[in-house]
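Following: one structure in structure tokens, then a few remarks.
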Amino acid sequence: MNPGRHSLEGAVNGGPRDPHYPDRIQEIYGAPIPEPTLSDYWRILMKRKWAILACALVTVTLAGLISLRITPVYEAMARVSIAGQTPYFLNFPDKSQAPESGNDQFSIDTQVKILESNTLALLVIRNLGLDKRPEFAGPTATPDKPGVISKLTPQDMSRDEHLMQTFHDNLRVQQVPDTSIIEIKYSSPDASLAADVANATAQTFIEQNIKARYDSTMQAADWLSKQLADLQIKVEASQAKLVEYQKEHGIIGADDKQNLTVEKLEGLGKELTQAQGERIQKQSLYETAKSGNGETVSAVLQDPVLSSLRQQETELEAEDAQLSIQFGSSYPKVQEVRGRLKLIKQAYNKALQNGIQRVQNDYEADLKREQMLQRALDDQTALADQLNVSAIEYKLLKQEADSNRQMYDGLLEKLKEASLAAGLNSSNIRIVDNARVPLAPARPNIPRNLEYALMLGLVGGIAMAFALESIDKTVRRPEQVESISGLPMLAMIPWKGDLQPHGPRKATALLKPSQPERPASLISYFQPQSEIAEAYRALRTSILLSSAGGPPRTMVITSPIPQDGKTMVSINTAIVLAQQGRKVLLVDADLRRPSLHLAFGLRPQVGLSNILSGGVDTGAATFSTRQRNLFVLAAGTRPPQPSELLSSALMQQLLSQWREEYDHVIIDSPPVLSVTDAVLLSVLTDAVLLVVRSAQTTTGAMRRARDLLLHLKCNLLGVVFNAADVSSLSDYYSGSRYDAYYTDGKRKRRRAPEEQDSEDESNSVSSSGD
């Protein structure tokens with residue numbers, strides 16, 4: 001068994017070479033996709049600016065051509081003012097006006113609809129004879145036929161509908177905002193016709209308004225005449241009924257009589273109330289006097305005679321008591337006092353009885369008076385009730401008669417006002433401006449159309465730009481490289497349009513000092529101060545710092561698809577590594593489509609395929625270059641089975657040998673997705689670089705190449721973003737910083753061409769194969 005073949009299969013199918021491989025896979029596939037920013041949208045617009053401008057230019061051109069082919073249309077405008085509606089004489093709604101709702105806008109909207117009505121349109125058409133004018137009616141115009149009267153046929157009705165539709169299509173009625181002015185606009189290819197129709201519409205509108213008000217007034221007058229005749233009969237009947245009722249109940253001056261009765265009733269009520277109060281007071285005195293208590297009765301009666309007799313009695317009783325104690329009861333003086341005391345008591349008792357009788361008489365008199373007033377009040381109340389019953393019926397009849405009379409008088413006055421209003425041709429609508437014959441067409445408005453077309457074109461162009469961007473699946477920005485692949489971007493190689501591709505006659509630049517040509521693939525050698533050379537030096541730094549244990553010795557540089565620039569990346573990477581003093585071997589392993597020999601002017605018959613087939617040894621096929629420490633091994637003769645040669649044990653032995661002889665071995669391999677050669681080489685080398693080309697490599701191809709290499713568990717260092725358009729990446733990469741820096745440096749360190757050539761000569765090394 002071939003040990004080399006066995007080791008190759010183990011590398012493909014065996015365990016991972018990197019102990020952190022699972023974590024790296026998780027990091028790559030779990031990386032979030034960044035959200036687009038405003039700068040991304042601006043970049044898209046700048047990238048597609050010519051497409052946007054082309055779309056806008058085409059749109060504007062088409063709009064201009066179409067506008068020039070459109071028939072000019074003239075628009076004439078008349079203005080009418082609608083004043084506040086005058087109060088209608090009968091306070092009834094006018095059929096020509098909006099209902100009184102306190103909303104002027106409602107009334108103006110109604111007038112606008114009247115102006116747009118079919119009735120008004122047909123009147124204008126008939127008044128101006130538009131149905132006979134070809135510029136309005138077109139082919140349907142009918143000439144006048146004097147003396148011929150025809151009936152209205154269905155064809156005529158259809159023709160009228162067509163004429164009204166034409167009229168409405170060209171008529172525009174609108175209110176001037178925040179005013180009571182209405183604009184009447186009519187459009188027509190004939191400027192005079194447009195002005196005539198606008199003026200006729202305004203005039204006909206006013207005439208119809210006056211006619212509607214007149215018709216409404218006459219209808220109201222007819223209605224009033226009928227109502228007056230009926231109301232007159234009602235007035236006469238109610239008046240006769242009132243007179244008859246007065247005769248039956250003898251009612252004469254009912255209001256005065258009723259007022260006198262009410263006054264009497266109020267007086268009797270007041271007197272009865274006063275009499276009841278006096279009777280209650282006298283009854284209280286009488287009840288007290290009947291109790292028989294002299295002291296109480298005397299106090300109640302308040303009679304001075306009783307008071308005097310009572311005082312004398314008290315004095316004699318005191319004197320009697322004093323004399324009896326002093327002289328005894330038989331003493332003459334005592335007897336005399338006692339006689340006088342007896343006479344005083346008799347007079348007091350008699351006066352007391354007289355006072356009680358007097359109180360009784362007063363009480364009985366007040367009681368009789370009260371009873372008499374009560375009877376008089378009852379009689380007066382009955383009379384008032386009877387009078388009220390008659391007065392109620394009388395008032396109802398009188399109110400009915402008066403109401404009928406007032407209504408009759410009011411309607412009679414309104415009828416007179418209606419007769420006066422019918423003779424006045426007044427209107428609340430007046431013409432503010434008559435329509436003038438327009439001097440310039442209103443449509444097409446070419447400047448406005450071009451402005452709209454420009455806006456539409458720009459919007460369409462922007463939409464097209466974003467659509468093209470969404471359709472474009474190629475990689476164009478560094479952010480896409482890192483977000484889609486999940487791998488670090490080792491370097492970004494800018495694109496320069498003035499670079500010359502290498503060809504057969506320009507291929508010996510690094511082998512023959514006399515060769516004047518400078519191919520683009522050797523730019524790091526011929527233009528070491530250029531932006532591209534600086535980008536390759538950045539790639540060199542990324543490679544040297546890619547591993548903590550030391551930079552990779554053997555590297556495969558490949559790409560997902562052909563034409564991604566992997567060969568140029570391989571050449572210039574080898575050059576910048578050699579410029580640092582490292583011994584570098586550049587190997588062309590693309591045995592199917594070799595191109596490395598073109599850049600260095602080598603014979604295509606000698607190379608790697610010849611070594612692997614056993615025809616040539618390594619020393620005979622390896623060539624040195626003018627770049628110190630750089631050696632080149634071409635692909636050689638195209639073999640029938642390249643994959644078998646690259647996966648052979650001899651290839652593994654060569655790699656082992658080269659690791660010992662060189663600091664770095666750069667292998668230019670075929671694309672990953674085209675053939676399996678790159679896959680076979682990736683597991684035999686220390687590292688793999690994936691080259692993607694801006695605006696060419698698709699995102700799908702980059703993902704598939706990444707997945708294929710990661711599945712083999714090779715050491716995929718990262719991605720090289722090749723041929724980047726730095727003009728559209730100003731926010732990420734500004735090539736001007738290199739230009740400014742190195743241009744200034746060149747100005748200070750400018751050397752003659754002869755000195756540069758002598759320096760190149762000093763670095764030349766003879767070819768080991770010549």
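To be explicit about the labels: the chains of the structure tokens are called A, B, and onward in the order shown, and within each one the residues are counted from 1, while ligands get numbers from 1 in the order they are shown.
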
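For A:Ala237, the residues within 9 Å (counting only C-alpha atoms, excluding itself and residues fewer than 5 positions away along the chain) are A:Gln232, A:Leu242, A:Ala401.
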
So which bits of stretch 633-686 of chain A end up helix (DSSP H, G or I) when you DSSP the backbone, as a CSV table (one decimal) with N, CA and C atoms, in the first residue's frame?
```csv
chain,number,residue,atom,x,y,z
A,642,PRO,N,-4.7,15.1,-13.8
A,642,PRO,CA,-4.0,15.9,-12.8
A,642,PRO,C,-4.3,15.6,-11.4
A,643,SER,N,-5.5,15.1,-11.1
A,643,SER,CA,-5.9,14.8,-9.7
A,643,SER,C,-5.0,13.7,-9.1
A,644,GLU,N,-4.8,12.7,-9.9
A,644,GLU,CA,-4.0,11.6,-9.5
A,644,GLU,C,-2.5,12.0,-9.2
A,645,LEU,N,-2.0,12.9,-10.0
A,645,LEU,CA,-0.6,13.4,-9.8
A,645,LEU,C,-0.5,14.2,-8.5
A,646,LEU,N,-1.5,15.1,-8.2
A,646,LEU,CA,-1.5,16.0,-7.1
A,646,LEU,C,-1.7,15.2,-5.8
A,649,ALA,N,1.9,10.2,-3.6
A,649,ALA,CA,2.9,10.2,-2.5
A,649,ALA,C,4.1,11.1,-2.9
A,650,LEU,N,4.4,11.2,-4.2
A,650,LEU,CA,5.5,12.0,-4.6
A,650,LEU,C,5.2,13.5,-4.3
A,651,MET,N,3.9,13.9,-4.4
A,651,MET,CA,3.6,15.2,-4.1
A,651,MET,C,3.8,15.5,-2.6
A,652,GLN,N,3.4,14.6,-1.8
A,652,GLN,CA,3.6,14.8,-0.4
A,652,GLN,C,5.1,14.8,0.0
A,653,GLN,N,5.9,14.0,-0.7
A,653,GLN,CA,7.3,14.1,-0.5
A,653,GLN,C,7.9,15.4,-0.9
A,654,LEU,N,7.4,15.9,-2.0
A,654,LEU,CA,7.9,17.3,-2.5
A,654,LEU,C,7.5,18.4,-1.5
A,655,LEU,N,6.4,18.3,-0.9
A,655,LEU,CA,6.0,19.3,0.1
A,655,LEU,C,6.9,19.2,1.3
A,656,SER,N,7.1,18.0,1.7
A,656,SER,CA,8.0,17.8,2.9
A,656,SER,C,9.4,18.3,2.6
A,657,GLN,N,9.9,18.1,1.4
A,657,GLN,CA,11.2,18.5,0.9
A,657,GLN,C,11.2,20.1,0.9
A,658,TRP,N,10.2,20.6,0.3
A,658,TRP,CA,10.1,22.1,0.2
A,658,TRP,C,10.0,22.8,1.6
A,659,ARG,N,9.4,22.1,2.5
A,659,ARG,CA,9.3,22.7,3.9
A,659,ARG,C,10.7,22.9,4.5
A,660,GLU,N,11.6,22.0,4.1
A,660,GLU,CA,13.0,22.0,4.6
A,660,GLU,C,13.8,23.1,3.9
A,661,GLU,N,13.5,23.2,2.6
A,661,GLU,CA,14.4,24.1,1.8
A,661,GLU,C,13.9,25.6,1.8
A,677,ASP,N,-8.8,19.4,-7.5
A,677,ASP,CA,-7.4,19.5,-7.2
A,677,ASP,C,-7.1,20.4,-6.0
A,678,ALA,N,-7.8,21.5,-5.8
A,678,ALA,CA,-7.6,22.4,-4.7
A,678,ALA,C,-8.0,21.7,-3.4
A,679,VAL,N,-9.0,20.9,-3.4
A,679,VAL,CA,-9.5,20.1,-2.2
A,679,VAL,C,-8.4,19.1,-1.8
A,680,LEU,N,-7.8,18.4,-2.8
A,680,LEU,CA,-6.7,17.5,-2.5
A,680,LEU,C,-5.5,18.2,-1.9
A,681,LEU,N,-5.1,19.3,-2.4
A,681,LEU,CA,-3.9,20.0,-1.9
A,681,LEU,C,-4.2,20.7,-0.6
A,682,SER,N,-5.5,21.0,-0.2
A,682,SER,CA,-5.8,21.8,1.0
A,682,SER,C,-5.4,20.9,2.2
```

Which is closer to A:Pro72 than all the others in A:Gly267, A:Gly615, A:Pro444, A:Gly328, using only C-alpha atoms? A:Pro444

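Across the structure, atom CA of A:Gln529 and atom CA of A:Ala599 are spaced 20.3 Å apart.
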
Contacts of stretch 105-116 of chain A within 10 Å, only C-alpha atoms, excl. fewer than 6 positions in-chain, as an NGL selection string: :A and (81-85 or 96-99 or 167-168 or 171-175 or 178-184 or 201-202 or 204-205 or 208-209)

Which neighbours of stretch 564-571 of chain A fall inside 6 Å, counting only C-alpha atoms, when residues of the same chain fewer than 3 positions from it are skipped, and could you give them as a PyMOL selection string? chain A and resi 521+558+574+668+691-693

Near-stretch 313-325 of chain A list (7 Å; only C-alpha atoms; drop same-chain fewer than 3 positions) as a ChimeraX atom specification: /A:309-310,328-329,334,337-338,341,344-345

Name all residues at most 12 Å from A:Arg69 (count only C-alpha atoms; drop same-chain ones fewer than 3 positions away) and give them as an MDAnalysis selection string. chainID A and resid 62:66 72 443:444 446

Counting only C-alpha atoms, the option among A:Gln203, A:Gln371, A:Gln399, A:Ser192 closest to A:Lys241: A:Gln399

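Compared by their closest atoms to A:Asn445, and using only C-alpha atoms, the residues A:Val73, A:Lys132, A:Ser613, A:Ala621 rank with A:Val73 nearest.
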
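Between atom CA of A:Ser595 and atom CA of A:Pro639 the interatomic distance comes to 15.0 Å.
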
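Atom to atom, atom CA of A:Ala200 and atom CA of A:Ala440 stand 21.2 Å apart.
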
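If you measure from each of A:Gln283, A:Ser238, A:Asn434, A:Asn449 to A:Thr59 using only C-alpha atoms, the closest one turns out to be A:Asn449.
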
How would you write, as JSON, numbers by chain, the set of residues in stretch 485-664 of chain A that DSSP gives as strand (DSSP E)? {"A": [489, 490, 491, 492, 493, 494, 554, 555, 556, 557, 558, 584, 585, 586, 587, 588, 622, 623, 624, 630, 631, 632, 633, 664]}

Distance query A:Thr273 at most 10 Å, only C-alpha atoms, self and fewer than 4 positions along chain excluded, as a ChimeraX atom specification: /A:267-269,277-279,370,373-374

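Using only C-alpha atoms, the nearest neighbour of A:Gly636 within the list A:Asn361, A:Thr622, A:Ser216, A:Asn118 is A:Thr622.
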